[in-house]
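The data block below is data03.txt; it holds compact mmCIF, C-alpha atoms.
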```txt
# COMPACT_ATOMS: atom_id res chain seq x y z
CA MET A 1339 -8.09 20.34 7.14
CA THR A 1340 -6.03 22.44 9.56
CA ALA A 1341 -8.29 25.45 8.95
CA LEU A 1342 -11.31 23.39 9.97
CA LEU A 1343 -9.89 22.37 13.35
CA PRO A 1344 -10.62 25.70 15.16
CA LYS A 1345 -14.25 25.58 13.96
CA ASN A 1346 -14.62 21.94 15.00
CA LEU A 1347 -13.03 22.67 18.36
CA ALA A 1348 -15.35 25.64 18.89
CA ALA A 1349 -18.33 23.43 18.06
CA LEU A 1350 -17.11 20.82 20.57
CA VAL A 1351 -16.72 23.46 23.29
CA ALA A 1352 -20.22 24.72 22.57
CA ARG A 1353 -21.57 21.17 22.72
CA ALA A 1354 -19.90 20.67 26.10
CA SER A 1355 -22.07 23.42 27.58
CA GLU A 1356 -25.30 21.64 26.70
CA PRO A 1357 -27.17 19.64 29.40
CA ASP A 1358 -27.02 16.31 27.54
CA PHE A 1359 -23.27 16.49 26.82
CA ALA A 1360 -22.36 13.56 29.08
CA VAL A 1361 -24.84 11.24 27.34
CA TRP A 1362 -23.81 12.52 23.88
CA ARG A 1363 -20.13 11.99 24.72
CA ARG A 1364 -20.73 8.48 26.08
CA ASN A 1365 -22.60 7.54 22.90
CA ILE A 1366 -19.47 8.36 20.87
CA VAL A 1367 -16.74 7.24 23.26
CA ARG A 1368 -18.17 3.73 23.72
CA LEU A 1369 -17.50 3.06 20.01
CA GLY A 1370 -13.76 3.28 20.67
CA GLY A 1371 -13.09 5.66 17.79
CA CYS A 1372 -15.07 4.01 14.98
CA THR A 1373 -14.67 6.27 11.94
CA ASN A 1374 -18.10 5.83 10.30
CA PRO A 1375 -20.78 4.76 12.80
CA ILE A 1376 -24.34 3.79 11.87
CA HIS A 1377 -27.21 5.90 13.27
CA LEU A 1378 -30.30 4.12 14.62
CA VAL A 1379 -33.59 5.65 15.74
CA GLY A 1380 -36.12 3.79 17.86
CA GLY A 1381 -36.34 2.12 21.23
CA ALA A 1382 -36.38 -1.16 23.15
CA THR A 1383 -37.83 -2.62 26.36
CA VAL A 1384 -36.53 -5.45 28.53
CA PHE A 1385 -39.30 -7.72 29.86
CA ASP A 1386 -39.30 -10.41 32.54
CA THR A 1387 -40.41 -13.53 30.63
CA THR A 1388 -41.99 -15.03 33.75
CA THR A 1389 -44.13 -12.13 34.95
CA GLY A 1390 -44.32 -9.99 31.81
CA GLU A 1391 -43.09 -7.01 33.82
CA ALA A 1392 -41.26 -4.26 31.92
CA LEU A 1393 -37.93 -3.97 33.70
CA PHE A 1394 -36.16 -1.34 31.65
CA SER A 1395 -36.79 0.80 28.56
CA TYR A 1396 -34.54 2.99 26.50
CA GLU A 1397 -34.92 5.06 23.35
CA SER A 1398 -32.60 6.81 20.95
CA ASP A 1399 -33.63 10.12 22.57
CA VAL A 1400 -31.58 9.07 25.57
CA TYR A 1401 -28.50 9.16 23.33
CA GLY A 1402 -29.09 12.63 21.97
CA GLY A 1403 -31.67 11.55 19.41
CA ARG A 1404 -29.74 8.75 17.73
CA LEU A 1405 -28.12 5.55 18.95
CA LEU A 1406 -24.71 5.04 17.34
CA THR A 1407 -23.36 1.60 16.56
CA ALA A 1408 -19.95 0.68 15.13
CA CYS A 1409 -19.66 0.22 11.37
CA GLY A 1410 -17.91 -3.17 11.70
CA ASN A 1411 -15.78 -2.68 8.56
CA ARG A 1412 -12.87 -5.12 8.43
CA ARG A 1413 -10.51 -2.94 6.35
CA ALA A 1414 -7.93 -0.92 8.25
CA THR A 1415 -7.98 1.85 5.62
CA VAL A 1416 -11.71 2.38 6.21
CA CYS A 1417 -11.98 2.00 10.01
CA PRO A 1418 -8.86 1.20 12.07
CA THR A 1419 -10.93 0.60 15.21
CA CYS A 1420 -13.33 -1.99 13.79
CA SER A 1421 -10.49 -3.50 11.78
CA ARG A 1422 -8.51 -4.20 14.95
CA LEU A 1423 -11.47 -6.02 16.43
CA TYR A 1424 -11.98 -8.05 13.24
CA ARG A 1425 -8.28 -8.92 13.19
CA ALA A 1426 -8.40 -10.05 16.82
CA ASP A 1427 -11.44 -12.24 16.13
CA THR A 1428 -9.74 -13.78 13.09
CA TYR A 1429 -6.66 -14.54 15.19
CA GLN A 1430 -8.81 -16.37 17.75
CA LEU A 1431 -10.66 -18.25 15.00
CA ILE A 1432 -7.44 -19.47 13.34
CA ARG A 1433 -5.65 -20.28 16.60
CA THR A 1434 -8.64 -22.19 17.97
CA GLY A 1435 -8.49 -24.51 14.96
CA LEU A 1436 -4.83 -25.19 15.74
CA VAL A 1437 -4.65 -25.59 19.52
CA GLY A 1438 -8.29 -25.91 20.62
CA GLY A 1439 -10.49 -23.87 22.93
CA LYS A 1440 -13.93 -22.27 22.52
CA ASN A 1441 -15.69 -25.65 22.26
CA VAL A 1442 -12.91 -27.12 20.09
CA THR A 1443 -11.04 -30.00 21.72
CA GLU A 1444 -7.35 -29.47 22.52
CA GLU A 1445 -6.56 -32.82 20.85
CA VAL A 1446 -6.86 -30.99 17.54
CA SER A 1447 -3.28 -29.74 18.08
CA GLY A 1448 -2.07 -33.27 17.34
CA HIS A 1449 -3.84 -33.56 13.98
CA PRO A 1450 -1.84 -33.24 10.72
CA ARG A 1451 -1.88 -29.66 9.43
CA VAL A 1452 0.13 -27.51 7.06
CA PHE A 1453 0.38 -23.82 6.22
CA VAL A 1454 0.01 -23.36 2.46
CA THR A 1455 0.62 -20.34 0.23
CA LEU A 1456 -0.81 -20.50 -3.31
CA THR A 1457 0.20 -17.72 -5.69
CA ALA A 1458 -1.05 -16.35 -8.98
CA PRO A 1459 0.81 -17.23 -12.19
CA GLY A 1460 2.85 -14.69 -14.10
CA PHE A 1461 1.13 -12.59 -16.77
CA GLY A 1462 4.24 -10.69 -17.73
CA PRO A 1463 7.51 -9.64 -16.04
CA VAL A 1464 7.13 -6.96 -13.35
CA HIS A 1465 9.61 -5.05 -11.24
CA THR A 1466 10.32 -6.96 -8.06
CA ARG A 1467 12.55 -6.87 -5.01
CA ARG A 1468 14.68 -9.98 -4.63
CA GLU A 1469 16.84 -10.83 -1.63
CA ARG A 1470 19.33 -13.61 -0.99
CA ASP A 1471 21.39 -14.11 2.16
CA GLY A 1472 20.30 -10.69 3.36
CA GLN A 1473 21.50 -8.94 0.21
CA VAL A 1474 19.22 -7.18 -2.27
CA ARG A 1475 19.71 -8.62 -5.73
CA ALA A 1476 19.17 -7.09 -9.15
CA CYS A 1477 15.49 -6.95 -10.16
CA ARG A 1478 15.56 -8.92 -13.43
CA PRO A 1479 19.11 -9.24 -14.77
CA ARG A 1480 19.33 -9.68 -18.53
CA ARG A 1481 22.02 -9.17 -21.12
CA PRO A 1482 22.45 -5.52 -22.21
CA GLY A 1483 20.38 -4.65 -25.26
CA GLU A 1484 17.86 -7.47 -24.76
CA CYS A 1485 14.39 -6.06 -25.51
CA CYS A 1486 10.83 -7.26 -25.85
CA ARG A 1487 8.95 -7.19 -29.16
CA HIS A 1488 7.79 -3.65 -28.38
CA GLY A 1489 11.31 -2.36 -27.92
CA SER A 1490 11.16 -2.05 -24.09
CA PRO A 1491 14.12 -3.35 -22.04
CA GLY A 1492 13.76 -7.06 -21.33
CA GLY A 1493 15.31 -6.79 -17.89
CA CYS A 1494 16.07 -4.48 -14.98
CA HIS A 1495 19.42 -4.36 -13.16
CA GLU A 1496 18.32 -2.03 -10.37
CA ARG A 1497 18.19 -3.08 -6.73
CA HIS A 1498 14.82 -1.74 -5.71
CA THR A 1499 14.14 -0.37 -2.24
CA ALA A 1500 11.11 -1.64 -0.33
CA ASP A 1501 9.19 1.57 -1.02
CA ASP A 1502 10.06 1.87 -4.72
CA SER A 1503 6.92 2.94 -6.59
CA ARG A 1504 7.91 0.76 -9.55
CA LEU A 1505 7.48 -2.50 -7.63
CA GLY A 1506 4.70 -4.52 -9.23
CA GLU A 1507 4.72 -2.43 -12.42
CA PRO A 1508 5.22 -4.37 -15.70
CA LEU A 1509 8.50 -3.93 -17.54
CA CYS A 1510 6.39 -3.54 -20.68
CA PRO A 1511 2.66 -2.78 -20.24
CA ARG A 1512 1.93 -3.80 -23.83
CA CYS A 1513 3.39 -7.26 -23.21
CA TYR A 1514 1.47 -7.75 -19.98
CA ASP A 1515 -1.61 -9.99 -20.28
CA TYR A 1516 -4.17 -7.80 -18.52
CA ALA A 1517 -7.14 -9.81 -19.79
CA GLY A 1518 -5.61 -13.01 -18.44
CA ALA A 1519 -4.82 -11.37 -15.08
CA VAL A 1520 -8.38 -10.10 -14.64
CA LEU A 1521 -9.91 -13.43 -15.62
CA TRP A 1522 -7.63 -15.21 -13.17
CA GLN A 1523 -8.77 -12.88 -10.40
CA ALA A 1524 -12.40 -13.51 -11.24
CA HIS A 1525 -11.90 -17.29 -11.07
CA ALA A 1526 -9.49 -17.46 -8.12
CA GLY A 1527 -12.27 -18.59 -5.77
CA GLN A 1528 -13.30 -21.34 -8.16
CA LEU A 1529 -9.69 -22.47 -8.45
CA TRP A 1530 -9.52 -22.76 -4.67
CA HIS A 1531 -12.78 -24.77 -4.61
CA ARG A 1532 -11.48 -27.15 -7.26
CA PHE A 1533 -8.17 -27.40 -5.37
CA GLY A 1534 -10.07 -28.62 -2.29
CA LEU A 1535 -11.97 -31.25 -4.27
CA GLU A 1536 -8.84 -32.52 -5.99
CA LEU A 1537 -6.95 -32.63 -2.68
CA ARG A 1538 -9.51 -35.01 -1.20
CA ARG A 1539 -9.29 -37.21 -4.30
CA GLU A 1540 -5.50 -37.19 -4.22
CA ILE A 1541 -5.40 -38.29 -0.58
CA ALA A 1542 -7.88 -41.06 -1.36
CA ARG A 1543 -5.77 -42.21 -4.30
CA ARG A 1544 -2.58 -42.29 -2.23
CA VAL A 1545 -4.09 -44.49 0.47
CA GLY A 1546 -6.12 -46.68 -1.88
CA LEU A 1547 -9.61 -45.57 -0.88
CA SER A 1548 -12.63 -44.60 -2.98
CA ARG A 1549 -14.23 -41.17 -2.76
CA THR A 1550 -16.98 -42.57 -0.53
CA GLU A 1551 -14.53 -44.38 1.73
CA ILE A 1552 -12.29 -41.35 2.18
CA SER A 1553 -15.22 -39.26 3.48
CA GLU A 1554 -15.87 -41.97 6.07
CA ALA A 1555 -12.23 -42.01 7.16
CA VAL A 1556 -11.06 -38.37 7.28
CA ARG A 1557 -12.40 -34.84 7.02
CA LEU A 1558 -10.45 -32.03 5.37
CA SER A 1559 -10.77 -28.69 7.17
CA TYR A 1560 -9.25 -25.34 6.25
CA ALA A 1561 -9.15 -21.61 6.94
CA LYS A 1562 -7.75 -19.20 4.39
CA VAL A 1563 -7.22 -15.53 3.65
CA ALA A 1564 -6.56 -13.69 0.39
CA GLU A 1565 -3.67 -11.21 0.18
CA TYR A 1566 -3.03 -8.73 -2.62
CA GLN A 1567 0.48 -8.60 -4.03
CA ARG A 1568 2.04 -5.40 -5.37
CA ARG A 1569 1.26 -6.53 -8.92
CA GLY A 1570 -2.42 -6.43 -8.02
CA LEU A 1571 -3.14 -10.18 -7.93
CA VAL A 1572 -4.24 -12.15 -4.89
CA HIS A 1573 -2.62 -15.18 -3.43
CA PHE A 1574 -4.01 -17.44 -0.72
CA HIS A 1575 -2.59 -18.26 2.71
CA ALA A 1576 -4.34 -21.27 4.21
CA VAL A 1577 -4.25 -23.67 7.13
CA ILE A 1578 -5.24 -27.15 5.97
CA ARG A 1579 -5.93 -29.85 8.58
CA LEU A 1580 -6.86 -33.54 8.53
CA ASP A 1581 -9.41 -34.69 11.14
CA GLY A 1582 -11.29 -37.87 11.78
CA PRO A 1583 -14.65 -38.33 10.02
CA ASP A 1584 -16.55 -36.38 12.71
CA GLY A 1585 -14.33 -33.31 12.66
CA PRO A 1586 -11.91 -31.88 15.26
CA ALA A 1587 -13.15 -34.12 18.07
CA SER A 1588 -12.33 -37.34 16.21
CA VAL A 1589 -8.84 -38.74 15.71
CA PRO A 1590 -7.68 -39.20 12.10
CA PRO A 1591 -6.45 -42.68 11.05
CA GLY A 1592 -2.77 -43.55 11.47
CA TRP A 1593 -2.00 -43.18 7.76
CA ALA A 1594 -3.14 -39.54 7.84
CA THR A 1595 0.19 -37.81 8.44
CA THR A 1596 1.52 -34.30 7.92
CA GLY A 1597 3.93 -35.65 5.30
CA LEU A 1598 1.09 -37.24 3.32
CA LEU A 1599 -0.92 -34.03 3.45
CA ALA A 1600 2.02 -31.88 2.32
CA GLU A 1601 2.88 -34.18 -0.58
CA ALA A 1602 -0.75 -34.30 -1.70
CA VAL A 1603 -0.98 -30.50 -1.69
CA ARG A 1604 2.12 -30.15 -3.87
CA ALA A 1605 0.85 -32.77 -6.31
CA VAL A 1606 -2.62 -31.23 -6.66
CA VAL A 1607 -1.64 -27.58 -7.14
CA VAL A 1608 0.03 -28.24 -10.48
CA ARG A 1609 -3.02 -30.14 -11.78
CA VAL A 1610 -5.83 -27.72 -11.00
CA ARG A 1611 -7.03 -26.05 -14.19
CA LEU A 1612 -10.00 -23.97 -15.36
CA VAL A 1613 -10.84 -22.85 -18.89
CA ALA A 1614 -11.78 -19.17 -18.90
CA PRO A 1615 -14.82 -17.95 -20.86
CA GLY A 1616 -14.64 -15.51 -23.75
CA ALA A 1617 -12.00 -17.27 -25.84
CA GLU A 1618 -13.64 -15.81 -28.95
CA VAL A 1619 -12.93 -12.29 -27.62
CA VAL A 1620 -9.54 -12.44 -25.84
CA GLY A 1621 -8.23 -15.81 -26.97
CA PRO A 1622 -8.05 -19.07 -25.01
CA ARG A 1623 -7.02 -18.86 -21.37
CA VAL A 1624 -6.33 -21.87 -19.14
CA LEU A 1625 -6.25 -20.65 -15.55
CA ARG A 1626 -4.06 -22.22 -12.87
CA PHE A 1627 -2.12 -21.40 -9.74
CA GLY A 1628 1.42 -20.06 -9.95
CA GLU A 1629 4.56 -22.19 -9.76
CA GLN A 1630 5.57 -20.73 -6.40
CA VAL A 1631 3.91 -22.96 -3.82
CA ASP A 1632 4.93 -22.97 -0.16
CA VAL A 1633 3.86 -25.87 2.08
CA ARG A 1634 5.09 -25.87 5.68
CA PRO A 1635 4.15 -28.07 8.67
CA ILE A 1636 2.65 -26.35 11.72
CA ALA A 1637 3.69 -27.12 15.28
CA ALA A 1638 1.63 -26.28 18.37
CA PHE A 1639 4.78 -24.85 19.94
CA GLY A 1640 8.29 -24.09 18.74
CA ALA A 1641 9.77 -27.15 17.07
CA GLY A 1642 12.81 -26.63 14.92
CA GLU A 1643 11.92 -24.97 11.63
CA ARG A 1644 8.18 -25.61 11.96
CA LEU A 1645 5.81 -22.69 12.18
CA THR A 1646 4.04 -22.23 15.50
CA SER A 1647 0.27 -22.00 15.79
CA ALA A 1648 0.49 -18.46 17.18
CA ALA A 1649 2.70 -17.30 14.30
CA VAL A 1650 0.33 -18.70 11.67
CA ALA A 1651 -2.74 -17.22 13.36
CA GLY A 1652 -1.07 -13.81 13.60
CA TYR A 1653 0.06 -13.92 9.98
CA ILE A 1654 -3.40 -14.77 8.62
CA ALA A 1655 -5.15 -12.27 10.90
CA LYS A 1656 -2.89 -9.48 9.65
CA TYR A 1657 -3.97 -9.94 6.05
CA ALA A 1658 -7.65 -10.46 6.93
CA ALA A 1659 -7.89 -6.71 7.60
CA LYS A 1660 -6.44 -5.66 4.25
CA GLY A 1661 -7.96 -5.32 0.81
CA ALA A 1662 -7.13 -4.23 -2.72
CA GLU A 1663 -5.98 -0.85 -1.40
CA SER A 1664 -2.77 -2.58 -0.26
CA ALA A 1665 -1.99 -3.02 -3.99
CA GLY A 1666 -2.79 0.62 -4.71
CA ALA A 1667 -6.45 0.21 -5.68
CA VAL A 1668 -9.43 2.19 -4.33
CA ASP A 1669 -11.86 1.52 -1.48
CA GLY A 1670 -15.15 2.19 -3.28
CA ARG A 1671 -16.84 0.84 -6.38
CA VAL A 1672 -16.50 2.39 -9.82
CA HIS A 1673 -20.00 3.36 -11.02
CA HIS A 1674 -19.32 5.04 -14.37
CA ALA A 1675 -16.68 4.83 -17.09
CA ARG A 1676 -16.01 8.54 -16.64
CA ASP A 1677 -14.86 7.84 -13.08
CA LEU A 1678 -11.81 6.02 -14.42
CA VAL A 1679 -10.23 9.32 -15.45
CA MET A 1680 -10.13 10.63 -11.87
CA LEU A 1681 -9.00 7.51 -10.01
CA PRO A 1682 -5.92 8.24 -7.84
CA VAL A 1683 -4.09 5.03 -8.77
CA ARG A 1684 -0.85 4.09 -10.52
CA ALA A 1685 -0.83 3.20 -14.20
CA HIS A 1686 -0.75 -0.59 -13.74
CA VAL A 1687 -3.73 -0.60 -11.36
CA LEU A 1688 -5.66 1.71 -13.69
CA ARG A 1689 -5.09 -0.72 -16.58
CA LEU A 1690 -6.41 -3.61 -14.45
CA ILE A 1691 -9.50 -1.61 -13.46
CA SER A 1692 -10.06 -0.49 -17.06
CA THR A 1693 -9.75 -4.08 -18.29
CA CYS A 1694 -12.39 -5.14 -15.74
CA TRP A 1695 -14.68 -2.40 -17.03
CA TRP A 1696 -14.08 -3.29 -20.69
CA LEU A 1697 -14.56 -7.04 -20.28
CA GLY A 1698 -17.47 -6.56 -17.90
CA GLY A 1699 -19.46 -4.87 -20.66
CA LEU A 1700 -19.12 -7.83 -23.06
CA PRO A 1701 -21.73 -10.65 -23.08
CA PRO A 1702 -19.31 -13.59 -22.51
CA PHE A 1703 -18.10 -12.04 -19.25
CA GLU A 1704 -21.35 -10.68 -17.80
CA PRO A 1705 -21.79 -13.58 -15.32
CA LEU A 1706 -18.44 -12.65 -13.71
CA GLY A 1707 -19.65 -9.22 -12.59
CA LEU A 1708 -16.33 -7.64 -13.49
CA ARG A 1709 -17.63 -4.07 -13.44
CA ARG A 1710 -19.00 -4.59 -9.96
CA TRP A 1711 -15.59 -5.79 -8.79
CA ALA A 1712 -13.42 -3.46 -10.87
CA HIS A 1713 -12.25 -1.62 -7.74
CA MET A 1714 -11.08 -5.01 -6.42
CA LEU A 1715 -9.18 -5.61 -9.68
CA GLY A 1716 -11.60 -8.37 -10.63
CA TYR A 1717 -11.51 -10.41 -7.42
CA GLY A 1718 -15.01 -10.76 -6.02
CA GLY A 1719 -14.42 -13.57 -3.53
CA HIS A 1720 -14.35 -13.46 0.25
CA PHE A 1721 -11.09 -12.43 1.84
CA SER A 1722 -11.40 -14.69 4.85
CA THR A 1723 -13.15 -18.07 4.66
CA LYS A 1724 -13.12 -21.40 6.48
CA SER A 1725 -14.70 -24.81 6.24
CA ARG A 1726 -17.66 -25.42 8.54
CA ARG A 1727 -15.87 -27.60 11.09
CA TYR A 1728 -12.46 -25.93 11.13
CA SER A 1729 -13.14 -24.15 14.45
CA THR A 1730 -15.53 -21.67 16.00
CA ALA A 1731 -17.13 -18.97 13.83
CA LEU A 1732 -16.82 -15.19 13.77
CA THR A 1733 -20.54 -15.05 14.52
CA ALA A 1734 -20.01 -17.10 17.69
CA LEU A 1735 -17.18 -14.82 18.82
CA ARG A 1736 -19.32 -11.73 18.26
CA GLN A 1737 -22.27 -13.31 20.06
CA ALA A 1738 -20.07 -14.16 23.05
CA ARG A 1739 -18.93 -10.53 23.19
CA ALA A 1740 -22.55 -9.30 22.95
CA ASP A 1741 -23.61 -11.72 25.71
CA HIS A 1742 -20.81 -10.44 27.92
CA ARG A 1743 -21.90 -6.84 27.42
CA ALA A 1744 -25.53 -7.80 28.06
CA GLU A 1745 -24.51 -9.47 31.31
CA GLU A 1746 -22.66 -6.33 32.36
CA GLN A 1747 -25.80 -4.33 31.63
CA ARG A 1748 -27.95 -6.75 33.63
CA THR A 1749 -25.62 -6.38 36.59
CA ALA A 1750 -25.63 -2.59 36.34
CA LEU A 1751 -29.45 -2.55 36.23
CA GLY A 1752 -29.79 -5.00 39.11
CA ILE A 1753 -31.79 -7.49 37.05
CA GLY A 1754 -29.74 -10.43 38.30
CA GLU A 1755 -30.66 -13.91 37.07
CA ARG A 1756 -34.24 -13.12 36.10
CA PRO A 1757 -35.16 -14.55 32.65
CA THR A 1758 -35.60 -11.67 30.24
CA VAL A 1759 -36.29 -10.85 26.61
CA THR A 1760 -35.63 -7.58 24.79
CA VAL A 1761 -38.27 -6.27 22.39
CA GLY A 1762 -37.35 -3.29 20.26
CA GLN A 1763 -37.75 -1.53 16.95
CA TRP A 1764 -34.92 0.34 15.27
CA ARG A 1765 -34.53 1.94 11.88
CA TYR A 1766 -31.56 3.21 9.94
CA ALA A 1767 -31.11 6.99 10.10
CA GLY A 1768 -27.77 7.65 8.46
CA ARG A 1769 -24.12 7.31 9.32
CA GLY A 1770 -21.01 9.33 10.09
CA TYR A 1771 -20.20 12.13 12.52
CA SER A 1772 -20.89 15.80 12.91
CA PRO A 1773 -17.65 17.88 12.92
CA GLU A 1774 -17.49 18.09 16.73
CA ALA A 1775 -18.29 14.38 17.11
CA ALA A 1776 -15.56 13.48 14.59
CA LEU A 1777 -13.05 15.46 16.66
CA LEU A 1778 -14.01 13.59 19.82
CA ALA A 1779 -13.87 10.22 18.05
CA ALA A 1780 -10.43 11.04 16.66
CA SER A 1781 -9.13 11.82 20.15
CA VAL A 1782 -10.44 8.46 21.40
CA ARG A 1783 -8.89 6.67 18.45
CA GLU A 1784 -5.49 8.34 18.86
CA SER A 1785 -5.40 7.73 22.64
CA GLY A 1786 -6.12 4.04 22.11
CA ASP A 1787 -8.42 4.17 25.13
CA PRO A 1788 -11.90 2.73 24.39
CA HIS A 1789 -13.25 4.51 27.47
CA GLY A 1790 -11.96 7.91 26.41
CA ALA A 1791 -9.93 8.44 29.59
```
Please lay out the structure from this file as structure tokens.
Amino acid sequence: MTALLPKNLAALVARASEPDFAVWRRNIVRLGGCTNPIHLVGGATVFDTTTGEALFSYESDVYGGRLLTACGNRRATVCPTCSRLYRADTYQLIRTGLVGGKNVTEEVSGHPRVFVTLTAPGFGPVHTRRERDGQVRACRPRRPGECCRHGSPGGCHERHTADDSRLGEPLCPRCYDYAGAVLWQAHAGQLWHRFGLELRREIARRVGLSRTEISEAVRLSYAKVAEYQRRGLVHFHAVIRLDGPDGPASVPPGWATTGLLAEAVRAVVVRVRLVAPGAEVVGPRVLRFGEQVDVRPIAAFGAGERLTSAAVAGYIAKYAAKGAESAGAVDGRVHHARDLVMLPVRAHVLRLISTCWWLGGLPPFEPLGLRRWAHMLGYGGHFSTKSRRYSTALTALRQARADHRAEEQRTALGIGERPTVTVGQWRYAGRGYSPEAALLAASVRESGDPHGA
């Protein structure tokens, strides 16, 4: 890479001497350092809808032949620039559902809501880092000489550091239930869906209402994100809120309290079950959430030991920009079995990916699409989801940003308040950077200045 820098720099210097350098540079700099932009070829014209007059036209030739647009990838390992924007939008989405704003009434901050963490069950003992009272404890203390049926040590007395490569690795890979872990991943989204249904029924049961009556009394809203643990399994962080029947703008009944919601969550988690397919191949598997369940009330502002709305929004937004790579997996899909040999992953992750590939080729598991999601260790669900009436939507936030930029353009062109419509035709023409463009984008990204100053 170092050897390429002089060539790239020479190419950039040569580019700077060309007449269209300023336009070419602006086309790259305005992306703020996006690592893998999309190339568009075509043009557009802005018309006055009243008179039909063409007010302004532009084509990709104006931008050096191709108009570049940001890739929009949410994952920080793929594009740090677009990931930061996605994380900021997610923060606003979560926080709006907690304190109001962006067409959500501020009264929503007084509705019952809890922050819930649902984990995956254990599929075999793994190396872990345990702390108590600020002190690192032994990983898995057992009596000396205690072994599993394969002869591997049954415990671990080491105090692992935070960056220990063994964290998340099974004590005995042959004891670890890889088939069960992969099937749990594939059904995690369904488990969450069933959890939501059962939670509504549990609340209805506790207050003595039927399923029809409960829908006319309260509405359950949520926003959640999936986070990969070191052992390669996801767990869910979620905000769950009780509203009146019409959503955030309506007040929930007096019996709908934070305490009721928290108790109902704890009661439902232990009951949610799914029977996995393929029992004739890998044996029966009953899928459920793990025993570690955290349910904490949320306060609009600091209130004792309660979480604040800002803290919850920041926590969820942080994980919305991460993927399976945080557990040591890979960014791209696995297309062939021979690719497994060259994957730069640790042994445990490779076994999970290989299990996805093996099961995905068997008829009972074909509907799960395990081979398609092997690089995600079997999890094919969305990382960030919300119920329809929780708050605003990511699409609305992006549209507001686009409208703001369009208004800036109207002001710059002197169009003013004239009613306009933009008619254009664009086609995909590739993606990525030339060597000199990549060098310029890297400088913008490292400076943190979206204007390239």
Problem set entry | Spatial neighbours of Thr1730 in chain A, 9 Å, all atoms listed in the file, chain gap at least 2 places, as a ChimeraX atom specification | /A:1430-1432,1434-1435,1439-1442,1726-1728,1732-1735
Problem set entry | Atom pair CA of His1573 in chain A / CA of Arg1609 in chain A: separation (Å) |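 Going from CA of His1573 in chain A over to CA of Arg1609 in chain A covers 17.1 Å.
Comparing A:Val1563, A:Ala1659, A:Ala1776, A:Ala1602 by their smallest distance to Arg1412 in chain A, the closest is A:Ala1659 (using all atoms listed in the file).
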For this session: Skip range 1526-1533 of chain A itself and residues of its chain fewer than 4 positions away, then list as a PyMOL selection string all residues within 12 Å of it, counting all atoms listed in the file.
Result: chain A and resi 1454-1459+1518-1522+1537-1540+1558+1560-1565+1571-1576+1578+1602-1614+1624-1628+1706+1715-1725
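Pairwise distance (CA of Arg1451 in chain A, CA of Val1577 in chain A) equals 6.8 Å.
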Problem set entry | Length of the CA of Gly1506 in chain A to CA of Ser1664 in chain A vector [Å] | 11.8 Å
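Minimum atom-to-atom distances from A:Gly1585, A:Gly1448, A:Pro1511, A:Pro1705 to Ser1647 in chain A were compared using all atoms listed in the file, and the lowest value belongs to A:Gly1448.
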Exercise. Nearest to Val1556 in chain A among A:Gly1699, A:Gly1597, A:Gly1616, A:Gly1582, with distances taken over only C-alpha atoms: which residue is it?
Worked result: A:Gly1582
For this session: Would you kindly return, as a list in words, each protein, DNA or RNA residue with an atom no farther than 8 Å from any atom of Thr1758 in chain A, considering all atoms listed in the file and excluding same-chain residues fewer than 3 positions away?
Result: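 Everything that qualifies: Val1384, Phe1385, Asp1386 and Thr1387 of chain A.
With distances taken over all atoms listed in the file, A:His1495 is the one residue among A:Arg1743, A:Arg1748, A:Arg1710, A:His1495 lying closest to Ala1476 in chain A.
Using only C-alpha atoms, the shortest contact distance between Pro1682 in chain A and any of A:Leu1509, A:Val1474, A:Ala1600, A:Val1668 is found at A:Val1668.
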Problem set entry | Residue contacts of Lys1345 in chain A (10 Å, only C-alpha atoms) excluding same-chain residues fewer than 5 positions away, as a ChimeraX atom specification | /A:1340,1350-1351,1773-1774
Problem set entry | Shortest interatomic distance to Tyr1566 in chain A - which of A:Thr1499, A:Thr1595, A:Ser1355, A:Gln1523, counting only C-alpha atoms | A:Gln1523
Close residues, Thr1415 in chain A itself excluded, 10 Å, only C-alpha atoms, min 6 positions apart in chain, as an mmCIF file with C-alpha atoms, keeping the file's coordinate frame:
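Once everything was written out, this is result.cif:
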```cif
data_model
loop_
_atom_site.group_PDB
_atom_site.id
_atom_site.type_symbol
_atom_site.label_atom_id
_atom_site.label_comp_id
_atom_site.auth_asym_id
_atom_site.auth_seq_id
_atom_site.Cartn_x
_atom_site.Cartn_y
_atom_site.Cartn_z
ATOM 1 C CA SER A 1421 -10.490 -3.500 11.780
ATOM 2 C CA ALA A 1659 -7.890 -6.710 7.600
ATOM 3 C CA LYS A 1660 -6.440 -5.660 4.250
ATOM 4 C CA GLY A 1661 -7.960 -5.320 0.810
ATOM 5 C CA GLU A 1663 -5.980 -0.850 -1.400
ATOM 6 C CA SER A 1664 -2.770 -2.580 -0.260
ATOM 7 C CA ASP A 1669 -11.860 1.520 -1.480
#
```
